[in-house]
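A.B. asks: Provided below: structure-v3.txt, containing compact mmCIF, C-alpha atoms and all ligand atoms.
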```txt
# COMPACT_ATOMS: atom_id res chain seq x y z
CA MET X 1 0.00 0.00 0.00
CA ILE X 2 1.19 3.48 -0.80
CA VAL X 3 0.39 6.48 1.38
CA ASP X 4 0.68 10.10 0.30
CA ALA X 5 3.17 11.19 2.98
CA LYS X 6 6.02 13.52 3.84
CA PRO X 7 8.83 13.75 2.80
CA TYR X 8 7.73 11.31 0.06
CA GLU X 9 5.34 8.40 -0.36
CA TYR X 10 5.33 5.73 2.35
CA THR X 11 4.97 2.13 1.26
CA PHE X 12 3.87 -0.66 3.59
CA ASP X 13 2.66 -4.23 3.51
CA PRO X 14 -0.22 -4.65 6.01
CA GLU X 15 0.95 -8.20 6.70
CA LYS X 16 4.29 -6.84 7.94
CA THR X 17 2.98 -3.72 9.68
CA ALA X 18 1.72 -3.07 13.21
CA LEU X 19 -0.13 -0.10 14.65
CA LEU X 20 1.35 1.51 17.76
CA VAL X 21 -1.01 3.46 20.02
CA ILE X 22 1.25 5.27 22.42
CA ASP X 23 0.16 6.22 25.94
CA MET X 24 -3.47 7.15 25.21
CA GLN X 25 -3.96 6.93 28.96
CA ARG X 26 -6.29 8.78 31.29
CA ASP X 27 -3.17 10.18 33.02
CA PHE X 28 -2.21 12.04 29.84
CA CYS X 29 -5.61 12.72 28.28
CA GLU X 30 -8.07 13.48 31.08
CA HIS X 31 -8.61 16.26 33.58
CA GLY X 32 -6.83 15.55 36.85
CA GLY X 33 -4.24 13.28 35.24
CA PHE X 34 -0.45 13.46 35.37
CA GLY X 35 -0.27 15.60 32.20
CA GLU X 36 -2.60 18.26 33.52
CA MET X 37 -1.04 18.17 36.99
CA LEU X 38 2.30 19.01 35.38
CA GLY X 39 0.70 22.25 34.23
CA ASN X 40 -0.36 21.35 30.69
CA ASP X 41 -3.52 22.27 28.80
CA ILE X 42 -4.89 18.90 27.65
CA SER X 43 -7.15 20.17 24.85
CA GLU X 44 -4.76 19.30 21.97
CA VAL X 45 -4.45 15.78 23.32
CA THR X 46 -8.15 15.09 23.92
CA ALA X 47 -8.93 16.39 20.43
CA ILE X 48 -7.13 13.49 18.73
CA ILE X 49 -9.07 10.70 20.46
CA PRO X 50 -11.62 10.28 17.59
CA GLN X 51 -8.82 10.28 14.98
CA VAL X 52 -6.86 7.62 16.87
CA GLY X 53 -10.07 5.59 16.97
CA LYS X 54 -10.42 5.87 13.19
CA VAL X 55 -6.84 4.70 12.63
CA ILE X 56 -7.32 1.77 15.04
CA ASP X 57 -10.52 0.68 13.24
CA HIS X 58 -8.81 0.94 9.86
CA CYS X 59 -5.71 -0.99 10.87
CA ARG X 60 -7.86 -3.68 12.52
CA SER X 61 -9.85 -4.00 9.29
CA LEU X 62 -6.57 -4.67 7.46
CA GLY X 63 -5.73 -7.40 10.00
CA MET X 64 -2.78 -5.52 11.46
CA PRO X 65 -1.72 -6.14 15.07
CA VAL X 66 -2.68 -3.25 17.36
CA ILE X 67 -0.13 -2.59 20.09
CA TYR X 68 -0.91 -0.20 22.93
CA THR X 69 1.71 1.21 25.28
CA LYS X 70 1.15 2.53 28.76
CA GLU X 71 3.73 4.56 30.66
CA GLY X 72 3.68 3.76 34.35
CA HIS X 73 5.52 2.25 37.26
CA LEU X 74 5.31 -0.68 39.64
CA PRO X 75 3.53 0.14 42.93
CA ASP X 76 6.84 -0.06 44.83
CA LEU X 77 8.45 2.37 42.30
CA SER X 78 11.39 -0.02 41.86
CA ASP X 79 11.35 0.69 38.09
CA CYS X 80 11.24 4.48 38.46
CA PRO X 81 14.60 6.23 38.21
CA PRO X 82 15.17 8.49 41.25
CA SER X 83 15.75 11.40 38.84
CA LYS X 84 12.27 10.98 37.29
CA LEU X 85 10.69 10.68 40.73
CA ARG X 86 12.49 13.78 42.03
CA ARG X 87 11.51 15.88 39.04
CA SER X 88 7.85 14.81 39.14
CA LYS X 89 7.63 15.83 42.81
CA LYS X 90 9.22 19.19 42.05
CA GLN X 91 6.47 19.77 39.46
CA GLY X 92 3.75 18.97 42.01
CA ALA X 93 2.75 15.66 40.38
CA GLY X 94 4.81 13.15 42.35
CA ILE X 95 4.85 9.71 40.75
CA GLY X 96 3.23 7.31 43.24
CA ASP X 97 1.46 10.08 45.17
CA MET X 98 -2.31 10.02 45.43
CA GLY X 99 -4.06 12.04 42.71
CA PRO X 100 -7.65 12.45 41.49
CA MET X 101 -7.39 9.15 39.55
CA GLY X 102 -5.52 7.03 42.07
CA ARG X 103 -1.76 6.87 42.57
CA ILE X 104 -0.11 8.95 39.85
CA MET X 105 1.46 6.92 37.02
CA ILE X 106 1.18 3.60 38.84
CA GLN X 107 0.25 0.43 36.97
CA GLY X 108 -3.26 -0.76 37.72
CA GLU X 109 -4.52 2.62 38.97
CA PRO X 110 -7.51 4.18 37.15
CA GLY X 111 -5.38 7.05 35.77
CA ASN X 112 -2.88 4.66 34.26
CA ASP X 113 -5.48 2.95 32.09
CA ILE X 114 -6.25 3.61 28.43
CA VAL X 115 -9.06 6.14 27.82
CA PRO X 116 -12.39 4.30 27.56
CA GLU X 117 -13.03 5.52 23.98
CA LEU X 118 -9.97 3.59 22.74
CA TYR X 119 -10.00 0.63 25.08
CA PRO X 120 -7.91 -2.34 23.83
CA LYS X 121 -9.60 -5.53 22.70
CA GLU X 122 -8.73 -8.99 23.99
CA GLU X 123 -6.49 -9.74 20.98
CA ASP X 124 -4.45 -6.51 21.24
CA ILE X 125 -1.01 -6.34 22.81
CA VAL X 126 -0.53 -3.97 25.76
CA ILE X 127 3.04 -3.01 26.63
CA HIS X 128 3.83 -1.53 30.05
CA LYS X 129 6.80 0.79 29.87
CA CYS X 130 8.64 2.71 32.55
CA GLY X 131 10.45 5.06 30.18
CA LYS X 132 9.53 7.37 27.35
CA GLY X 133 10.69 4.97 24.64
CA SER X 134 8.50 1.91 24.05
CA PHE X 135 11.47 -0.40 23.46
CA TYR X 136 13.29 0.40 26.71
CA LYS X 137 12.95 -2.52 29.17
CA THR X 138 9.92 -3.98 27.32
CA ALA X 139 9.16 -7.00 25.14
CA LEU X 140 8.10 -4.83 22.20
CA GLU X 141 10.99 -5.83 19.92
CA ASP X 142 10.39 -9.54 20.62
CA ASN X 143 6.66 -9.08 19.91
CA LEU X 144 7.42 -7.40 16.58
CA GLN X 145 9.99 -9.97 15.55
CA GLU X 146 7.64 -12.86 16.37
CA LYS X 147 5.07 -11.36 14.04
CA GLY X 148 7.53 -10.54 11.26
CA ILE X 149 6.79 -6.82 11.51
CA GLU X 150 8.92 -4.46 9.42
CA SER X 151 6.85 -1.25 9.47
CA LEU X 152 5.07 0.68 12.20
CA ILE X 153 2.17 3.07 11.93
CA VAL X 154 2.37 5.31 14.97
CA THR X 155 -0.28 7.29 16.86
CA GLY X 156 -0.59 8.68 20.38
CA VAL X 157 0.87 11.15 22.83
CA THR X 158 2.91 13.14 23.30
CA THR X 159 4.51 13.67 19.93
CA HIS X 160 7.72 15.23 21.20
CA VAL X 161 8.20 12.89 24.18
CA CYS X 162 7.06 9.25 24.09
CA VAL X 163 6.05 9.19 20.42
CA GLN X 164 9.24 10.69 19.09
CA THR X 165 11.46 8.69 21.46
CA THR X 166 9.75 5.49 20.30
CA ILE X 167 10.12 6.39 16.62
CA ARG X 168 13.83 7.06 17.12
CA GLU X 169 14.27 3.74 18.93
CA ALA X 170 12.32 1.93 16.19
CA ASN X 171 14.30 3.62 13.44
CA ASP X 172 17.59 2.46 14.95
CA ARG X 173 16.20 -1.07 14.96
CA GLY X 174 15.35 -0.90 11.26
CA TYR X 175 11.59 -0.29 11.35
CA GLU X 176 9.95 2.00 8.77
CA CYS X 177 7.74 4.36 10.78
CA LEU X 178 4.79 6.42 9.64
CA LEU X 179 3.50 8.93 12.19
CA ILE X 180 -0.14 9.92 11.75
CA LYS X 181 -0.10 13.70 12.19
CA ASP X 182 -3.70 14.21 13.29
CA ALA X 183 -3.73 11.09 15.46
CA SER X 184 -0.81 12.29 17.57
CA ALA X 185 -0.46 15.40 19.70
CA ALA X 186 1.65 17.33 22.16
CA TYR X 187 0.20 19.63 24.80
CA ASP X 188 1.79 22.54 22.97
CA ARG X 189 1.14 22.55 19.21
CA ALA X 190 4.59 24.03 18.56
CA ASP X 191 6.18 20.91 20.05
CA HIS X 192 4.01 18.72 17.83
CA LEU X 193 4.92 20.63 14.67
CA ALA X 194 8.61 20.70 15.54
CA SER X 195 8.55 16.92 16.00
CA LEU X 196 6.97 16.38 12.57
CA GLN X 197 9.76 18.45 11.07
CA MET X 198 12.48 16.55 12.93
CA ILE X 199 11.13 13.14 11.93
CA THR X 200 10.82 13.83 8.19
CA GLN X 201 13.88 16.01 7.57
CA GLN X 202 16.92 14.80 5.60
CA GLY X 203 14.83 12.41 3.50
CA ALA X 204 12.90 10.71 6.34
CA ILE X 205 15.79 10.60 8.81
CA PHE X 206 13.51 8.94 11.37
CA GLY X 207 10.37 8.29 9.30
CA TRP X 208 7.35 9.65 7.47
CA THR X 209 4.24 11.65 8.40
CA ALA X 210 0.78 11.60 6.87
CA ASP X 211 -2.77 12.40 7.94
CA THR X 212 -5.50 9.87 8.72
CA GLU X 213 -7.30 10.61 5.46
CA SER X 214 -4.24 9.70 3.38
CA LEU X 215 -3.84 6.43 5.31
CA LEU X 216 -7.49 5.57 4.78
CA LYS X 217 -7.27 6.39 1.07
CA ALA X 218 -4.24 4.13 0.63
C1 LIG G 301 5.15 12.24 28.85
C2 LIG G 301 4.41 10.78 27.12
N1 LIG G 301 4.89 13.33 28.14
N2 LIG G 301 3.57 9.75 26.94
N3 LIG G 301 4.84 11.02 28.38
O1 LIG G 301 5.65 12.33 29.94
O2 LIG G 301 4.74 11.48 26.19
```
Would it be possible to restate this file's structure as structure tokens?

C.D. replies:
Amino acid sequence: MIVDAKPYEYTFDPEKTALLVIDMQRDFCEHGGFGEMLGNDISEVTAIIPQVGKVIDHCRSLGMPVIYTKEGHLPDLSDCPPSKLRRSKKQGAGIGDMGPMGRIMIQGEPGNDIVPELYPKEEDIVIHKCGKGSFYKTALEDNLQEKGIESLIVTGVTTHVCVQTTIREANDRGYECLLIKDASAAYDRADHLASLQMITQQGAIFGWTADTESLLKA
């Protein structure tokens, strides 16, 4: 399949492609979550939920694996670097502290879950990650290799943090990544736009970008 994309057309075989849905969690997308407690306006992020849903439905219809990631930590915080913990507390959103949706950024707490609109199905893969990149200390690479995946369609939040880190990690591992522009977001639109530019520059140095409509047309 060929998608009208930047910096030039993106070609993928649905049988060798997976969809990544990065961190579409209540903690990042809903009022009272970690993202908002850090001082962010969540409107850019909530606005993409319907688009992410469209991409998920489309990729499912093509038989592609759908892989969700969730950023969070073990209840005893043993997988949280002290630096990350310190900085979160300084920002007034201490990881592990009690927040409006349970303990902030802790696996199994209501805030750590995927937003209800995009809830994973039984057959989907859900990756728990403690870092920004989805490959760091996770089984993602093994999952992809088992399925013979060579290309990744990427959606989620936030474009300049977990999404871009994951695309860079994937690129170094040889995956061809397409970021869906209107199914990804940062709290600040400038960060989102800068990330799109960084990914596609120098002839797709990290990957390609396209909008949902172009993916659906392909
Ligand atoms: C952040 C993420 N922004 N999912 N995480 O801390 O991008």

A.B. asks: Enter the distance from CA of Gln164 in chain X to CA of Ile67 in chain X, in Å, rounded to one decimal.

C.D. replies: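 So the two atoms, CA of Gln164 in chain X and CA of Ile67 in chain X, lie 16.3 Å apart.
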
A.B. asks: Around ligand LIG 301 (chain G), out to 7 Å and counting all atoms listed in the file, which residues are there? I want them as a PDB file with C-alpha atoms, in the coordinates of the input.

C.D. replies:
```
ATOM      1  CA  ILE X  22       1.250   5.270  22.420  1.00  0.00           C
ATOM      2  CA  ASP X  23       0.160   6.220  25.940  1.00  0.00           C
ATOM      3  CA  PHE X  28      -2.210  12.040  29.840  1.00  0.00           C
ATOM      4  CA  GLY X  35      -0.270  15.600  32.200  1.00  0.00           C
ATOM      5  CA  GLU X  71       3.730   4.560  30.660  1.00  0.00           C
ATOM      6  CA  LYS X 132       9.530   7.370  27.350  1.00  0.00           C
ATOM      7  CA  VAL X 157       0.870  11.150  22.830  1.00  0.00           C
ATOM      8  CA  THR X 158       2.910  13.140  23.300  1.00  0.00           C
ATOM      9  CA  THR X 159       4.510  13.670  19.930  1.00  0.00           C
ATOM     10  CA  HIS X 160       7.720  15.230  21.200  1.00  0.00           C
ATOM     11  CA  VAL X 161       8.200  12.890  24.180  1.00  0.00           C
ATOM     12  CA  CYS X 162       7.060   9.250  24.090  1.00  0.00           C
ATOM     13  CA  VAL X 163       6.050   9.190  20.420  1.00  0.00           C
TER      14      VAL X 163
END
```

A.B. asks: In Å, with one decimal, what is the gap from CA of Met37 in chain X to CA of Met198 in chain X?

C.D. replies: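 Going from CA of Met37 in chain X over to CA of Met198 in chain X, I get 27.6 Å.
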
A.B. asks: Could you jot down the CA of Asp79 in chain X to CA of Val154 in chain X separation for me, Å, one decimal place?

C.D. replies: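 Here the two named atoms are 25.2 Å from each other.
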
A.B. asks: In the coordinate frame of the file, compute which residues have an atom within 9 Å of (10.1, -0.2, 13.6) when using all atoms listed in the file, and state them as a PyMOL selection string.

C.D. replies: chain X and resi 17-18+141+144+149-153+166-177
